[in-house]
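**Student:** Structure file entry08.cif (mmCIF, C-alpha atoms) is given on the next line.
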data_model
loop_
_atom_site.label_atom_id
_atom_site.label_comp_id
_atom_site.auth_asym_id
_atom_site.auth_seq_id
_atom_site.Cartn_x
_atom_site.Cartn_y
_atom_site.Cartn_z
CA MET A 1 25.88 26.69 -59.47
CA ASP A 2 24.03 23.82 -57.88
CA THR A 3 24.18 23.41 -54.18
CA LEU A 4 24.10 19.93 -52.78
CA VAL A 5 21.71 19.77 -49.88
CA THR A 6 21.78 16.74 -47.70
CA THR A 7 19.07 16.03 -45.25
CA THR A 8 19.46 13.62 -42.44
CA HIS A 9 16.71 12.26 -40.38
CA ALA A 10 17.21 11.78 -36.71
CA PRO A 11 17.39 8.10 -35.91
CA ALA A 12 14.23 6.64 -34.49
CA PRO A 13 14.43 6.46 -30.73
CA THR A 14 15.32 2.92 -29.78
CA ALA A 15 16.21 3.22 -26.12
CA ALA A 16 12.83 4.63 -25.09
CA PRO A 17 10.71 1.57 -26.03
CA ALA A 18 13.16 -0.82 -24.34
CA ALA A 19 13.31 1.30 -21.18
CA LEU A 20 9.54 1.74 -21.22
CA ARG A 21 9.08 -2.01 -21.63
CA ARG A 22 11.25 -2.73 -18.58
CA LEU A 23 9.40 -0.06 -16.59
CA TYR A 24 6.05 -1.58 -17.55
CA PHE A 25 7.15 -5.03 -16.38
CA VAL A 26 8.24 -3.56 -13.04
CA ARG A 27 4.93 -1.72 -12.73
CA PHE A 28 3.01 -4.94 -13.38
CA ALA A 29 4.98 -6.87 -10.73
CA PHE A 30 4.57 -4.09 -8.18
CA ALA A 31 0.83 -3.76 -8.85
CA ALA A 32 0.28 -7.52 -8.50
CA VAL A 33 2.13 -7.76 -5.18
CA TRP A 34 0.61 -4.52 -3.87
CA ALA A 35 -2.92 -5.63 -4.79
CA ALA A 36 -2.47 -8.98 -3.03
CA LEU A 37 -1.16 -7.29 0.11
CA LEU A 38 -3.91 -4.67 0.15
CA PHE A 39 -6.62 -7.26 -0.44
CA THR A 40 -5.46 -9.24 2.62
CA ALA A 41 -5.17 -6.11 4.79
CA ALA A 42 -8.24 -4.20 3.54
CA ASP A 43 -10.81 -5.31 6.09
CA THR A 44 -9.90 -2.33 8.22
CA LEU A 45 -7.98 0.84 7.66
CA GLY A 46 -5.06 -0.01 9.91
CA PRO A 47 -1.37 0.83 9.78
CA LEU A 48 -0.57 -1.77 7.10
CA SER A 49 -3.38 -0.83 4.72
CA ALA A 50 -2.77 2.90 5.26
CA THR A 51 0.93 2.43 4.51
CA LEU A 52 0.12 0.46 1.36
CA LEU A 53 -2.29 3.17 0.22
CA VAL A 54 0.38 5.85 0.56
CA ILE A 55 3.08 3.71 -1.08
CA TYR A 56 1.15 3.18 -4.31
CA PRO A 57 1.11 6.80 -5.59
CA LEU A 58 4.64 7.26 -4.24
CA PHE A 59 5.73 4.36 -6.44
CA ASP A 60 3.90 6.02 -9.32
CA VAL A 61 6.00 9.16 -8.74
CA ALA A 62 9.20 7.10 -8.88
CA CYS A 63 8.07 5.39 -12.10
CA ALA A 64 7.16 8.71 -13.70
CA VAL A 65 10.60 10.11 -12.83
CA VAL A 66 12.24 7.11 -14.53
CA ASP A 67 9.89 7.57 -17.49
CA VAL A 68 10.74 11.30 -17.75
CA ARG A 69 14.47 10.58 -17.79
CA SER A 70 14.09 7.95 -20.49
CA ALA A 71 11.74 10.04 -22.63
CA ALA A 72 13.86 13.18 -22.27
CA ALA A 73 17.01 11.30 -23.28
CA ASP A 74 15.29 10.25 -26.50
CA GLY A 75 13.78 13.68 -27.14
CA GLY A 76 10.24 12.56 -26.35
CA PRO A 77 7.49 14.67 -24.81
CA VAL A 78 7.64 14.89 -21.03
CA ARG A 79 5.21 17.65 -20.04
CA ASN A 80 2.36 15.28 -19.19
CA LEU A 81 4.74 13.05 -17.26
CA TYR A 82 5.61 16.03 -15.05
CA LEU A 83 1.89 16.55 -14.52
CA ASN A 84 1.62 12.92 -13.45
CA ILE A 85 4.46 13.41 -10.96
CA ALA A 86 2.67 16.41 -9.45
CA LEU A 87 -0.70 14.59 -9.26
CA SER A 88 0.79 11.48 -7.68
CA SER A 89 2.82 13.54 -5.20
CA LEU A 90 -0.30 15.43 -4.11
CA THR A 91 -2.18 12.14 -3.88
CA THR A 92 0.49 10.66 -1.62
CA VAL A 93 0.01 13.52 0.82
CA GLY A 94 -3.77 13.44 0.38
CA LEU A 95 -3.96 9.72 1.13
CA ALA A 96 -1.78 10.09 4.22
CA VAL A 97 -4.23 12.67 5.54
CA ALA A 98 -7.34 10.82 4.33
CA ALA A 99 -6.24 7.59 6.00
CA THR A 100 -6.67 9.32 9.37
CA SER A 101 -10.28 10.19 8.48
CA GLY A 102 -11.50 6.81 7.29
CA ILE A 103 -12.29 4.74 4.23
CA PRO A 104 -14.73 7.21 2.60
CA ALA A 105 -12.06 9.94 2.62
CA VAL A 106 -9.51 7.51 1.15
CA LEU A 107 -11.92 6.53 -1.62
CA ARG A 108 -12.59 10.17 -2.48
CA VAL A 109 -8.90 11.02 -2.72
CA TRP A 110 -8.10 7.84 -4.65
CA GLY A 111 -11.08 8.47 -6.93
CA ALA A 112 -9.94 12.00 -7.74
CA TRP A 113 -6.45 10.68 -8.47
CA ALA A 114 -7.78 7.86 -10.66
CA VAL A 115 -9.79 10.31 -12.73
CA THR A 116 -6.99 12.84 -13.24
CA ALA A 117 -4.16 10.33 -13.61
CA GLY A 118 -6.32 8.31 -16.00
CA LEU A 119 -6.79 11.35 -18.21
CA VAL A 120 -3.03 12.00 -18.18
CA GLN A 121 -2.32 8.35 -18.98
CA LEU A 122 -4.75 8.52 -21.88
CA VAL A 123 -3.03 11.61 -23.30
CA VAL A 124 0.46 10.10 -22.87
CA GLY A 125 -0.66 6.85 -24.52
CA VAL A 126 -2.09 8.72 -27.50
CA ALA A 127 1.13 10.75 -27.82
CA ARG A 128 3.19 7.54 -27.80
CA ARG A 129 0.94 5.48 -30.10
CA ARG A 130 3.55 5.44 -32.90
CA MET A 131 5.92 3.68 -30.52
CA GLY A 132 3.57 0.71 -30.46
CA GLY A 133 1.99 -1.14 -27.56
CA GLN A 134 0.08 1.88 -26.34
CA TRP A 135 -3.52 0.84 -26.97
CA ALA A 136 -3.49 -0.85 -23.56
CA MET A 137 -2.32 2.39 -21.92
CA ILE A 138 -5.03 4.33 -23.73
CA ALA A 139 -7.69 1.85 -22.60
CA SER A 140 -6.28 1.82 -19.07
CA GLY A 141 -6.45 5.61 -18.90
CA GLY A 142 -10.09 5.59 -19.94
CA ILE A 143 -10.99 2.82 -17.51
CA SER A 144 -9.11 4.58 -14.70
CA THR A 145 -11.18 7.71 -15.27
CA LEU A 146 -14.42 5.73 -14.99
CA ALA A 147 -13.18 3.75 -11.99
CA GLY A 148 -12.23 6.95 -10.20
CA ALA A 149 -15.78 8.20 -10.50
CA SER A 150 -17.05 4.89 -9.09
CA PHE A 151 -14.68 5.14 -6.10
CA ALA A 152 -16.02 8.59 -5.31
CA ALA A 153 -19.58 7.25 -5.55
CA GLN A 154 -18.69 4.24 -3.39
CA ALA A 155 -17.35 6.58 -0.70
CA GLY A 156 -20.90 7.72 0.04
CA GLY A 157 -22.23 4.18 0.45
CA ALA A 158 -22.56 2.08 3.57
CA ASP A 159 -20.34 -0.65 2.12
CA ALA A 160 -17.29 1.53 1.43
CA SER A 161 -14.18 -0.63 1.25
CA VAL A 162 -10.65 -0.27 -0.03
CA LYS A 163 -10.70 -3.83 -1.43
CA SER A 164 -11.91 -2.42 -4.75
CA LEU A 165 -8.63 -0.49 -4.96
CA ALA A 166 -6.74 -3.79 -5.00
CA GLY A 167 -8.70 -4.93 -8.05
CA TYR A 168 -8.19 -1.55 -9.71
CA ALA A 169 -4.42 -1.70 -9.16
CA PHE A 170 -4.17 -5.29 -10.38
CA LEU A 171 -6.12 -4.51 -13.55
CA GLY A 172 -3.88 -1.50 -14.14
CA GLY A 173 -0.88 -3.79 -13.72
CA VAL A 174 -2.30 -6.18 -16.31
CA PHE A 175 -2.58 -3.28 -18.76
CA PHE A 176 1.10 -2.46 -18.10
CA LEU A 177 1.98 -6.12 -18.76
CA VAL A 178 0.03 -6.17 -22.03
CA SER A 179 1.68 -2.94 -23.12
CA ALA A 180 5.15 -4.29 -22.25
CA LEU A 181 4.51 -7.44 -24.28
CA ARG A 182 3.18 -5.39 -27.22
CA LEU A 183 6.24 -3.11 -27.09
CA GLY A 184 8.43 -6.22 -27.31
CA ARG A 185 6.47 -7.47 -30.30
CA ALA A 186 6.68 -4.05 -31.97
CA ALA A 187 10.46 -3.99 -31.46
CA LYS A 188 10.86 -7.43 -33.05
CA SER A 189 8.84 -6.47 -36.11
CA ALA A 190 10.69 -3.17 -36.61
#
Just give me the structure as structure tokens.
**Tutor:**
Amino acid sequence: MDTLVTTTHAPAPTAAPAALRRLYFVRFAFAAVWAALLFTAADTLGPLSATLLVIYPLFDVACAVVDVRSAAADGGPVRNLYLNIALSSLTTVGLAVAATSGIPAVLRVWGAWAVTAGLVQLVVGVARRRMGGQWAMIASGGISTLAGASFAAQAGGADASVKSLAGYAFLGGVFFLVSALRLGRAAKSA
């Protein structure tokens, strides 16, 4: 007696790339506006620049929560996204404290975050590479890791400034924009 065995393949996740694309566009817009505001307020570490510094990783937490919900709904991996939420939450607190100590302390905290978050971003990008549009996230993660080390080194110099963080955030935003555009192109060709 022959048994008929039918195998079904789970449908390819379609909601995740679209949600991720929207999230990446929002991240680009936020980074561009945030960078412009920080660049204009970065001459001193005053209330506005300190607030902006704390808002950035807090926004990253919110984005990671949205990303986790989208990825989990499509059955995607979320463990590294939870790690990102924890790192960005700790950084928010760390920057709030560091802002009371001065620019070198801010650069050290931001540098440590850039290194660790960059490594997480690199791992997440590699895990999502089949989705398309992730080479920019992989490159961004690697660059973030290197930039973080440079922020820590800059903290020990006489010319320590948070203006470099504005450039870092804007470049990161550009990588999100490129990835969003590539995800759109990948969706059209699928």
**Student:** Taking the file as shown, find all residues satisfying the PyMOL selection byres ((chain A and resi 141) around 6) and write them as a PyMOL selection string.
**Tutor:** chain A and resi 118-119+121-122+138-140+142-144
**Student:** I'd like the residues picked by the PyMOL selection byres ((chain A and resi 82-93) around 8) written out as an MDAnalysis selection string, using the chain letters and numbers from the file.
**Tutor:** chainID A and resid 54:58 60:61 64:65 68 78:81 94:97 109:110 113 116:117 120
**Student:** Around (-5.4, -0.4, -26.0), as given in the file, which residues come within 9 Å? Count all atoms listed in the file and list them as an MDAnalysis selection string.
**Tutor:** chainID A and resid 125 133:140 175 178:179
**Student:** One decimal, in Å: what's the spacing between CA of Arg130 in chain A and CA of Arg182 in chain A?
**Tutor:** 12.2 Å
**Student:** Identify all residues satisfying the PyMOL selection byres ((chain A and resi 104) around 9) in the given file; provide them as a PyMOL selection string.
**Tutor:** chain A and resi 98+101-103+105-109+151-152+154-157+160-162
**Student:** Grab the CA of Ala147 in chain A to CA of Ala31 in chain A distance for me, in Å with one decimal place.
**Tutor:**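 Interatomic distance, CA of Ala147 in chain A to CA of Ala31 in chain A: 16.2 Å.
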**Student:** To one decimal place in Å, what is the distance between CA of Leu177 in chain A and CA of Cys63 in chain A?
**Tutor:**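 CA of Cys63 in chain A lies 14.6 Å from CA of Leu177 in chain A.
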